[in-house]
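**Student:** Have a look at the structure that comes next, please.
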Amino acid sequence: MFDPTIFDNLKVVLEGHLYDLDAEQTIRVIGREDFIDLASMKRIFSMRIRRDEGCCQAEISMTSVLSDFAGERFRLVEPGERPGAKLALRLEMPLSHSEHAAELHRAMADRWAEEARIRHERSAEFVPDDGPGRSGGEVSDENGAYRIHIEFIRKIDESHIGDMESLLTHLVDSLVDADEVGERKRRGRDSE
């Protein structure tokens with residue numbers, strides 16, 4: 001048997017809280033990944049969630065690298081560094097939600113800005129232009145995605161375990177914000 005690392009302890013707490021939210025039917029856990037990248041000696045744990053009535057997904061991921069493990073086990077720490085894990089969130093929604101990027105950014109900044117960097121990304125499939133007289137170069141909203149990445153500035157460790165429930169409440173609230181944009185858009189189309 002081995003002593004669990006900071007990463008292991010955080011993973012168990014995070015996973016437990018997410019499955020509790022699933023059991024309460026607040027969210028649905030729709031994916032779980034737990035990797036060890038042997039090329040870079042990095043551990044990555046992530047879980048994807050969604051709400052039953054929503055069209056958006058959220059992913060929470062935690063990453064720990066070899067220097068975190070060495071710092072924890074052997075006290076080999078760079079000055080100013082602490083062993084721990086990096087935490088990141090990602091909201092994924094239909095490309096059409098990007099029309100409301102400013103509104104969503106304000107909502108995310110109000111909730112996360114002091115703790116994290118917020119980055120927006122759009123991706124879309126398109127048909128290359130086949131030259132004069134042929135259609136092409138058109139972007140498809142149906143096959144695209146809009147993502148908001150929330151990357152925490154500081155590493156977390158076991159001293160943050162008490163904050164996990166609050167963090168996940170904020171994540172669910174962020175998912176609700178994203179889903180509400182889609183719901184307002186759908187109601188607007190239905191009223192036309």
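We name chains A, B, ... following the order of the structure tokens; residues begin at 1 in each chain, and ligands are numbered from 1 as shown.
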Hey, what's within 12 Å of Asp163 in chain A if we count only C-alpha atoms and toss same-chain stuff fewer than 6 positions away? As an mmCIF file with N, CA, C and O atoms, in the first residue's frame, please?
**Tutor:**
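Result file selection.cif:
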data_model
loop_
_atom_site.group_PDB
_atom_site.id
_atom_site.type_symbol
_atom_site.label_atom_id
_atom_site.label_comp_id
_atom_site.auth_asym_id
_atom_site.auth_seq_id
_atom_site.Cartn_x
_atom_site.Cartn_y
_atom_site.Cartn_z
ATOM 1 N N LEU A 10 -7.222 14.924 -3.533
ATOM 2 C CA LEU A 10 -8.102 15.897 -4.181
ATOM 3 C C LEU A 10 -9.057 15.209 -5.164
ATOM 4 O O LEU A 10 -10.241 15.558 -5.243
ATOM 5 N N VAL A 13 -12.013 13.511 -3.346
ATOM 6 C CA VAL A 13 -12.991 14.483 -2.854
ATOM 7 C C VAL A 13 -13.790 15.071 -4.013
ATOM 8 O O VAL A 13 -15.024 15.159 -3.958
ATOM 9 N N LEU A 14 -13.107 15.481 -5.072
ATOM 10 C CA LEU A 14 -13.765 16.062 -6.238
ATOM 11 C C LEU A 14 -14.759 15.077 -6.859
ATOM 12 O O LEU A 14 -15.919 15.409 -7.114
ATOM 13 N N HIS A 17 -17.866 14.538 -4.581
ATOM 14 C CA HIS A 17 -18.832 15.645 -4.635
ATOM 15 C C HIS A 17 -19.620 15.634 -5.947
ATOM 16 O O HIS A 17 -20.826 15.888 -5.957
ATOM 17 N N ILE A 156 -3.761 23.981 -6.349
ATOM 18 C CA ILE A 156 -4.518 23.647 -5.155
ATOM 19 C C ILE A 156 -3.841 22.476 -4.460
ATOM 20 O O ILE A 156 -3.092 21.715 -5.078
ATOM 21 N N ASP A 157 -4.106 22.350 -3.171
ATOM 22 C CA ASP A 157 -3.593 21.231 -2.406
ATOM 23 C C ASP A 157 -4.651 20.830 -1.374
ATOM 24 O O ASP A 157 -5.787 21.301 -1.429
ATOM 25 N N THR A 169 -20.291 24.234 -6.784
ATOM 26 C CA THR A 169 -21.513 25.039 -6.853
ATOM 27 C C THR A 169 -21.337 26.138 -7.885
ATOM 28 O O THR A 169 -22.221 26.385 -8.715
ATOM 29 N N HIS A 170 -20.176 26.797 -7.873
ATOM 30 C CA HIS A 170 -19.888 27.836 -8.871
ATOM 31 C C HIS A 170 -19.826 27.247 -10.284
ATOM 32 O O HIS A 170 -20.272 27.878 -11.247
#
**Student:** Report as a count of residues only all protein, DNA and RNA residues lying within 9 Å of His120 in chain A, evaluated on only C-alpha atoms, omitting residues in the same chain fewer than 2 positions from it.
**Tutor:** 10
**Student:** Taking only C-alpha atoms into account, name the residue in A:Trp112, A:Ala23, A:Lys155, A:Ala107 that is nearest to Asp68 in chain A.
**Tutor:**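 Nearest candidate to Asp68 in chain A out of A:Trp112, A:Ala23, A:Lys155, A:Ala107: A:Lys155.
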**Student:** Leaving out Ser64 in chain A and any residue of its chain fewer than 4 positions from it, which residues lie within 7 Å of it when counting only C-alpha atoms, given as a PDB file with N, CA and C atoms, in the first residue's frame?
**Tutor:**
ATOM      1  N   PHE A   7      -2.621  14.820  -5.152  1.00  0.00           N
ATOM      2  CA  PHE A   7      -3.484  14.607  -6.316  1.00  0.00           C
ATOM      3  C   PHE A   7      -4.546  13.550  -6.014  1.00  0.00           C
ATOM      4  N   LYS A  42       2.935  12.916 -16.183  1.00  0.00           N
ATOM      5  CA  LYS A  42       1.897  13.825 -15.721  1.00  0.00           C
ATOM      6  C   LYS A  42       0.636  13.006 -15.459  1.00  0.00           C
ATOM      7  N   ARG A  43      -0.095  13.383 -14.412  1.00  0.00           N
ATOM      8  CA  ARG A  43      -1.394  12.764 -14.135  1.00  0.00           C
ATOM      9  C   ARG A  43      -2.482  13.760 -14.486  1.00  0.00           C
ATOM     10  N   ILE A  44      -3.537  13.260 -15.108  1.00  0.00           N
ATOM     11  CA  ILE A  44      -4.659  14.102 -15.518  1.00  0.00           C
ATOM     12  C   ILE A  44      -5.951  13.388 -15.131  1.00  0.00           C
ATOM     13  N   ASP A  68       5.580  18.118  -9.023  1.00  0.00           N
ATOM     14  CA  ASP A  68       4.663  18.127  -7.882  1.00  0.00           C
ATOM     15  C   ASP A  68       4.868  16.884  -7.023  1.00  0.00           C
ATOM     16  N   GLY A  84       1.291  20.439  -5.648  1.00  0.00           N
ATOM     17  CA  GLY A  84      -0.163  20.501  -5.681  1.00  0.00           C
ATOM     18  C   GLY A  84      -0.672  20.062  -7.037  1.00  0.00           C
ATOM     19  N   ALA A  85      -1.809  20.596  -7.433  1.00  0.00           N
ATOM     20  CA  ALA A  85      -2.419  20.250  -8.718  1.00  0.00           C
ATOM     21  C   ALA A  85      -2.987  21.508  -9.352  1.00  0.00           C
ATOM     22  N   LYS A  86      -2.920  21.573 -10.670  1.00  0.00           N
ATOM     23  CA  LYS A  86      -3.533  22.671 -11.428  1.00  0.00           C
ATOM     24  C   LYS A  86      -4.967  22.273 -11.728  1.00  0.00           C
TER      25      LYS A  86
END
**Student:** Could you check how far CA of Arg106 in chain A sits from CA of Ala178 in chain A, in Å to one decimal?
**Tutor:**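 Between these atoms lies a distance of 11.8 Å.
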**Student:** Would you mind listing what lies within 9 Å of Val172 in chain A as a list in words, with only C-alpha atoms counted and same-chain residues fewer than 3 positions away left out?
**Tutor:**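 Answer for this query is Thr26, Ile27, Ile49, Arg50, Arg51, Ala58, Leu167, Leu168, Thr169, Leu175, Val176 and Asp177 of chain A.
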**Student:** Please identify which residues in range 26-173 of chain A DSSP calls helix (DSSP H, G or I) from the backbone, and express them as a PyMOL selection string.
**Tutor:** chain A and resi 66-74+95-112+158-173
**Student:** Would you pick out the contacts of Val12 in chain A at 12 Å or less, using only C-alpha atoms, so that residues sharing its chain but fewer than 2 positions from it are not included, and give the list as number ranges by chain?
**Tutor:** A: 4-10, 14-19, 34, 45-47, 62, 158, 161, 164
**Student:** Among chain A, which residues does DSSP mark as strand (DSSP E) when it is run on the backbone? Keep the chain and numbering as in the structure and answer as JSON, numbers by chain.
**Tutor:** {"A": [28, 29, 30, 31, 32, 33, 34, 35, 36, 37, 42, 43, 44, 45, 46, 47, 48, 49, 50, 57, 58, 59, 60, 61, 62, 63, 64, 65, 86, 87, 88, 89, 90, 91, 92, 93, 94, 116, 117, 118, 119, 120, 121, 122, 123, 124, 125, 126, 139, 140, 141, 142, 143, 144, 145, 146, 147, 148, 149, 150, 151, 152]}
**Student:** Between A:Pro79, A:Gly182, A:Gly54, A:Gly31, which one has atoms that come closest to Glu99 in chain A, using only C-alpha atoms?
**Tutor:**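 Using only C-alpha atoms, the shortest distance to Glu99 in chain A belongs to A:Gly182.
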**Student:** Rank A:Arg111, A:Arg32, A:Arg154, A:Lys11 by their smallest atom-to-atom distance to Asp173 in chain A, using only C-alpha atoms, and report the top residue only.
**Tutor:**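 Between A:Arg111, A:Arg32, A:Arg154, A:Lys11, the residue approaching Asp173 in chain A most closely is A:Arg111.
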**Student:** Just checking: using only C-alpha atoms, which residue out of A:Asp179, A:Leu171, A:Met93, A:Leu87 ends up closest to Ile153 in chain A?
**Tutor:**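 Once distances to Ile153 in chain A are computed over only C-alpha atoms, the minimum belongs to A:Leu87.
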